[in-house]
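Below is one structure, written out as structure tokens, with a few remarks after it.
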Amino acid sequence: MKNKYLTVEALTKYLKFKFDSDVNLKTVYLKGEISNFKAHTTGHFYFSLKDEYSKINAIMFSSNNKKLLFTPTEGMKVLVRGRISIYEATGNYQIYIDEMLEDGLGNLHIAFEQLKEKLSKEGLFEQVHKKPIPKIPNRVGVVTAATGAAVKDIISTIKRRFPICEILLFPSLVQGDNAAPDIVKKIEQANDHDLDVLIVGRGGGSIEDLWPFNEEIVARAIFNSRIPIISAVGHEIDYTISDFVSDLRAPTPTAAAELAVPNIVDLTHNLNQIAIRLNESIYNQINFKKLYLDSVKNSFVIKNPMIMYENKQQKLDNIIEKINQLLSYKLERNKVLLNNFKNNNILLNPIHLYKPKKLELTNIISKLELLNPLSILKRGYTLTYIDNKIVKSVDDINIDTKLKIKFYDGIITTKVEGKEVSNGN
């Protein structure tokens, strides 16, 4: 009979096996409110997920909650994805959460942060891409709703501050599902006009109302705009993606108009100040030149012009004197050189210069005579030729060979009738 009874552990393990093997419990999506939230020192989150009628224990391990873009708090409504299983120590079933999102507005905040991070990594927010806002624009474009406080504030502010500026309105949807594409369209249309600056924005509202200005297509249209853009969305505390990517962010539409155009009163005041400073500068320059002219007129040189001539004349006399001294020195030096040359021994006795050269020439002629072949022929020697080539050996001669024999005083032609070869003695 005792075999009919199970242990609590056995039952719990059986139930856990059933839970873990159930396909429908492996991936479960729940929504509810957080209660009894506890962030453990290990980094894990422990809490309950409840609604009006039921409650389930939940755990989110640190490996998963590190991915969260928000901090869970008591009473927060969330959307979770996870698996259902049993914790054997207590026998309670619970959800092991893999992913958690804020319910309702929380999802918009997450989408905002995700797009902000993405565009920031691409460099769309960097200052290097910001185009300067012109100080004195001629034409200002406005992309906003055709009616409402925003467009009225912008137009009235521009006309009050800088009435000579032309305003071009590009009416656009600023709320709802079709607002983002319409804003992009109007920004592109504005870029086809000769505008100096473009204001893009709307009045205040909830995060859902302002959401078109958090859309990626609007952000990229602002970034790609040829015209500098001032973002004017909502109130001062409201920030949208458009604010980060635009060339300048204004806290309100009215402030955008103030940033877009100068105050004509200030410009007039500045021009008056510039005119005053210019007159003062011209007056000071005239006085300075007048004082300079008086100083020149009263100068000693102007009043005594001959002093300048006398100084130059004295300087010229000094130069002439130095030139004469230099010429005298050169003449004396050249005279000494000429006398030395005239008294040179070679010029006085040129024969002494030629005697060594004559002896040297005689020696050279004697050496050439020794080498002259004609001198050898005078001593009884002859030169023998065959076809104008000197014969050097008897072996070069054959019987009946015609020879030319050159003596010192002429040449004879003969024919070989025989030859004897010497044995070298």
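Every chain in the structure tokens has a letter given in the order shown (A, B, ...), and although residue numbers restart at 1 in each chain, ligands are simply numbered from 1 in the order shown.
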Just the strand (DSSP E or B) stuff from stretch 147-338 of chain A, please, per backbone DSSP, written as a PyMOL selection string. chain A and resi 166-171+197-202+229-233+248-249
Store the residues picked out above in a file with N, CA and C atoms, as a PDB file, in the first residue's frame.
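Final output, out11.pdb:
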```
ATOM      1  N   GLU A 166      10.931  87.989 -46.324  1.00  0.00           N
ATOM      2  CA  GLU A 166       9.824  87.291 -46.977  1.00  0.00           C
ATOM      3  C   GLU A 166       9.631  85.917 -46.330  1.00  0.00           C
ATOM      4  N   ILE A 167       8.355  85.536 -46.091  1.00  0.00           N
ATOM      5  CA  ILE A 167       8.034  84.264 -45.445  1.00  0.00           C
ATOM      6  C   ILE A 167       7.304  83.377 -46.442  1.00  0.00           C
ATOM      7  N   LEU A 168       7.785  82.124 -46.609  1.00  0.00           N
ATOM      8  CA  LEU A 168       7.120  81.134 -47.460  1.00  0.00           C
ATOM      9  C   LEU A 168       6.641  79.990 -46.578  1.00  0.00           C
ATOM     10  N   LEU A 169       5.330  79.744 -46.579  1.00  0.00           N
ATOM     11  CA  LEU A 169       4.730  78.707 -45.745  1.00  0.00           C
ATOM     12  C   LEU A 169       4.513  77.442 -46.568  1.00  0.00           C
ATOM     13  N   PHE A 170       4.936  76.305 -46.016  1.00  0.00           N
ATOM     14  CA  PHE A 170       4.713  74.997 -46.632  1.00  0.00           C
ATOM     15  C   PHE A 170       3.833  74.193 -45.669  1.00  0.00           C
ATOM     16  N   PRO A 171       2.517  74.316 -45.792  1.00  0.00           N
ATOM     17  CA  PRO A 171       1.598  73.672 -44.836  1.00  0.00           C
ATOM     18  C   PRO A 171       1.777  72.166 -44.841  1.00  0.00           C
ATOM     19  N   VAL A 197      16.859  80.040 -44.855  1.00  0.00           N
ATOM     20  CA  VAL A 197      16.718  79.194 -43.666  1.00  0.00           C
ATOM     21  C   VAL A 197      15.304  78.622 -43.653  1.00  0.00           C
ATOM     22  N   LEU A 198      15.144  77.447 -43.033  1.00  0.00           N
ATOM     23  CA  LEU A 198      13.850  76.762 -42.984  1.00  0.00           C
ATOM     24  C   LEU A 198      13.538  76.382 -41.541  1.00  0.00           C
ATOM     25  N   ILE A 199      12.334  76.767 -41.062  1.00  0.00           N
ATOM     26  CA  ILE A 199      11.864  76.390 -39.721  1.00  0.00           C
ATOM     27  C   ILE A 199      10.930  75.193 -39.873  1.00  0.00           C
ATOM     28  N   VAL A 200      11.213  74.110 -39.139  1.00  0.00           N
ATOM     29  CA  VAL A 200      10.389  72.900 -39.177  1.00  0.00           C
ATOM     30  C   VAL A 200       9.923  72.599 -37.762  1.00  0.00           C
ATOM     31  N   GLY A 201       8.598  72.520 -37.553  1.00  0.00           N
ATOM     32  CA  GLY A 201       8.138  72.209 -36.196  1.00  0.00           C
ATOM     33  C   GLY A 201       6.647  72.331 -36.029  1.00  0.00           C
ATOM     34  N   ARG A 202       6.241  72.363 -34.762  1.00  0.00           N
ATOM     35  CA  ARG A 202       4.830  72.472 -34.387  1.00  0.00           C
ATOM     36  C   ARG A 202       4.753  72.894 -32.927  1.00  0.00           C
ATOM     37  N   ILE A 229      18.316  74.192 -41.342  1.00  0.00           N
ATOM     38  CA  ILE A 229      17.008  73.967 -40.711  1.00  0.00           C
ATOM     39  C   ILE A 229      17.086  74.250 -39.218  1.00  0.00           C
ATOM     40  N   ILE A 230      16.081  75.001 -38.743  1.00  0.00           N
ATOM     41  CA  ILE A 230      15.899  75.213 -37.305  1.00  0.00           C
ATOM     42  C   ILE A 230      14.724  74.350 -36.867  1.00  0.00           C
ATOM     43  N   SER A 231      14.966  73.455 -35.903  1.00  0.00           N
ATOM     44  CA  SER A 231      13.903  72.593 -35.380  1.00  0.00           C
ATOM     45  C   SER A 231      13.172  73.320 -34.260  1.00  0.00           C
ATOM     46  N   ALA A 232      11.813  73.327 -34.348  1.00  0.00           N
ATOM     47  CA  ALA A 232      10.999  74.028 -33.337  1.00  0.00           C
ATOM     48  C   ALA A 232       9.802  73.154 -33.001  1.00  0.00           C
ATOM     49  N   VAL A 233      10.039  72.128 -32.192  1.00  0.00           N
ATOM     50  CA  VAL A 233       8.996  71.142 -31.890  1.00  0.00           C
ATOM     51  C   VAL A 233       8.614  71.227 -30.417  1.00  0.00           C
ATOM     52  N   LEU A 248      20.038  73.712 -35.966  1.00  0.00           N
ATOM     53  CA  LEU A 248      19.869  74.481 -34.739  1.00  0.00           C
ATOM     54  C   LEU A 248      18.552  74.087 -34.104  1.00  0.00           C
ATOM     55  N   ARG A 249      18.542  73.916 -32.783  1.00  0.00           N
ATOM     56  CA  ARG A 249      17.320  73.561 -32.073  1.00  0.00           C
ATOM     57  C   ARG A 249      16.782  74.774 -31.326  1.00  0.00           C
TER      58      ARG A 249
END
```
Report as a PyMOL selection string: the residues of stretch 193-276 of chain A with a DSSP assignment of alpha helix (DSSP H), based on the backbone of this structure. chain A and resi 207-210+216-223+241-245+253-260+264-276
Polymer residues at most 10 Å from A:Lys404, only C-alpha atoms, same-chain spacing of 4 or more positions, as number ranges by chain: A: 383-391, 411-415
Here atom CA of A:Ile187 and atom CA of A:His109 stand apart by 25.5 Å
Would you pick out the contacts of A:Leu195 at 8 Å or less, using only C-alpha atoms, so that residues sharing its chain but fewer than 3 positions from it are not included, and give the list as a PyMOL selection string? chain A and resi 138-141+190-191+198+227
How far is it from atom CA of A:Phe125 to atom CA of A:Asn263, in Å with one decimal? 29.0 Å
Have a look at A:Leu119, A:Ile164, A:Ile86, A:Met100 and name the one nearest to A:Lys66; count only C-alpha atoms. A:Met100
Just the residues within 8 Å of A:Gln94, please, counting only C-alpha atoms, with nothing from its chain fewer than 5 positions along; format it as a ChimeraX atom specification. /A:56-59,84-87
Write a file of the selected residues as an mmCIF file, in the first residue's frame, keeping C-alpha atoms.
```
data_model
loop_
_atom_site.group_PDB
_atom_site.id
_atom_site.type_symbol
_atom_site.label_atom_id
_atom_site.label_comp_id
_atom_site.auth_asym_id
_atom_site.auth_seq_id
_atom_site.Cartn_x
_atom_site.Cartn_y
_atom_site.Cartn_z
ATOM 1 C CA ILE A 56 2.554 35.070 -11.233
ATOM 2 C CA ASN A 57 6.092 35.067 -9.865
ATOM 3 C CA ALA A 58 8.755 36.208 -12.299
ATOM 4 C CA ILE A 59 12.535 36.130 -12.534
ATOM 5 C CA ILE A 84 6.786 28.909 -17.789
ATOM 6 C CA SER A 85 8.384 26.367 -15.447
ATOM 7 C CA ILE A 86 8.281 25.175 -11.824
ATOM 8 C CA TYR A 87 10.753 26.151 -9.134
#
```
Measuring atom to atom with only C-alpha atoms, identify which of A:Lys13, A:Lys131, A:Lys186, A:Lys392 is nearest to A:Thr90.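 Comparing A:Lys13, A:Lys131, A:Lys186, A:Lys392 against A:Thr90, the winner is A:Lys13.
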Can you tell me, as a PDB file with N, CA and C atoms, in the first residue's frame, what residues are no more than 12 Å from A:Leu25 when counting only C-alpha atoms, ignoring any on the same chain fewer than 5 positions away?
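Result written to part.pdb:
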```
ATOM      1  N   LYS A  16       7.173  19.544 -13.130  1.00  0.00           N
ATOM      2  CA  LYS A  16       8.172  20.361 -13.838  1.00  0.00           C
ATOM      3  C   LYS A  16       8.444  19.802 -15.224  1.00  0.00           C
ATOM      4  N   PHE A  17       8.534  18.460 -15.300  1.00  0.00           N
ATOM      5  CA  PHE A  17       8.746  17.821 -16.592  1.00  0.00           C
ATOM      6  C   PHE A  17       7.592  18.145 -17.535  1.00  0.00           C
ATOM      7  N   LYS A  18       6.347  18.096 -17.007  1.00  0.00           N
ATOM      8  CA  LYS A  18       5.182  18.404 -17.827  1.00  0.00           C
ATOM      9  C   LYS A  18       5.230  19.856 -18.328  1.00  0.00           C
ATOM     10  N   PHE A  19       5.576  20.759 -17.434  1.00  0.00           N
ATOM     11  CA  PHE A  19       5.666  22.169 -17.826  1.00  0.00           C
ATOM     12  C   PHE A  19       6.737  22.367 -18.902  1.00  0.00           C
ATOM     13  N   ASP A  20       7.919  21.783 -18.673  1.00  0.00           N
ATOM     14  CA  ASP A  20       9.055  22.015 -19.579  1.00  0.00           C
ATOM     15  C   ASP A  20       8.856  21.374 -20.950  1.00  0.00           C
ATOM     16  N   LEU A  30       3.232  37.810 -21.956  1.00  0.00           N
ATOM     17  CA  LEU A  30       2.320  38.294 -20.915  1.00  0.00           C
ATOM     18  C   LEU A  30       2.448  39.797 -20.772  1.00  0.00           C
ATOM     19  N   ARG A  81       8.282  38.508 -22.463  1.00  0.00           N
ATOM     20  CA  ARG A  81       8.332  37.236 -23.194  1.00  0.00           C
ATOM     21  C   ARG A  81       9.214  36.289 -22.402  1.00  0.00           C
ATOM     22  N   GLY A  82       8.770  35.059 -22.221  1.00  0.00           N
ATOM     23  CA  GLY A  82       9.560  34.107 -21.452  1.00  0.00           C
ATOM     24  C   GLY A  82       8.974  32.703 -21.510  1.00  0.00           C
ATOM     25  N   ARG A  83       9.419  31.834 -20.607  1.00  0.00           N
ATOM     26  CA  ARG A  83       8.931  30.445 -20.537  1.00  0.00           C
ATOM     27  C   ARG A  83       8.400  30.169 -19.140  1.00  0.00           C
ATOM     28  N   ILE A  84       7.403  29.272 -19.068  1.00  0.00           N
ATOM     29  CA  ILE A  84       6.786  28.909 -17.789  1.00  0.00           C
ATOM     30  C   ILE A  84       7.408  27.604 -17.303  1.00  0.00           C
ATOM     31  N   SER A  85       7.830  27.577 -16.029  1.00  0.00           N
ATOM     32  CA  SER A  85       8.384  26.367 -15.447  1.00  0.00           C
ATOM     33  C   SER A  85       8.100  26.392 -13.940  1.00  0.00           C
ATOM     34  N   ILE A  86       8.507  25.305 -13.267  1.00  0.00           N
ATOM     35  CA  ILE A  86       8.281  25.175 -11.824  1.00  0.00           C
ATOM     36  C   ILE A  86       9.607  25.282 -11.101  1.00  0.00           C
ATOM     37  N   TYR A  93       4.946  27.631  -9.696  1.00  0.00           N
ATOM     38  CA  TYR A  93       5.258  27.865 -11.106  1.00  0.00           C
ATOM     39  C   TYR A  93       5.537  29.357 -11.278  1.00  0.00           C
ATOM     40  N   GLN A  94       6.422  29.685 -12.227  1.00  0.00           N
ATOM     41  CA  GLN A  94       6.824  31.074 -12.439  1.00  0.00           C
ATOM     42  C   GLN A  94       7.275  31.261 -13.874  1.00  0.00           C
ATOM     43  N   ILE A  95       7.414  32.502 -14.259  1.00  0.00           N
ATOM     44  CA  ILE A  95       7.856  32.812 -15.618  1.00  0.00           C
ATOM     45  C   ILE A  95       9.302  33.281 -15.570  1.00  0.00           C
ATOM     46  N   TYR A  96      10.112  32.690 -16.455  1.00  0.00           N
ATOM     47  CA  TYR A  96      11.524  33.077 -16.605  1.00  0.00           C
ATOM     48  C   TYR A  96      11.588  34.010 -17.831  1.00  0.00           C
TER      49      TYR A  96
END
```
Which polymer residues have any atom within 7 Å of an atom of stretch 153-157 of chain A, counting only C-alpha atoms, with same-chain residues fewer than 4 positions away left out, as a ChimeraX atom specification? /A:149,161,253-254,257-258
Between A:Thr41, A:Ser206, A:Ser62, A:Asn214, which one has atoms that come closest to A:Glu113, using only C-alpha atoms?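 Smallest distance to A:Glu113 is found for A:Asn214.
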Mind pulling up the distance from atom CA of A:Glu126 to atom CA of A:Asp196?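 The value is 21.6 Å.
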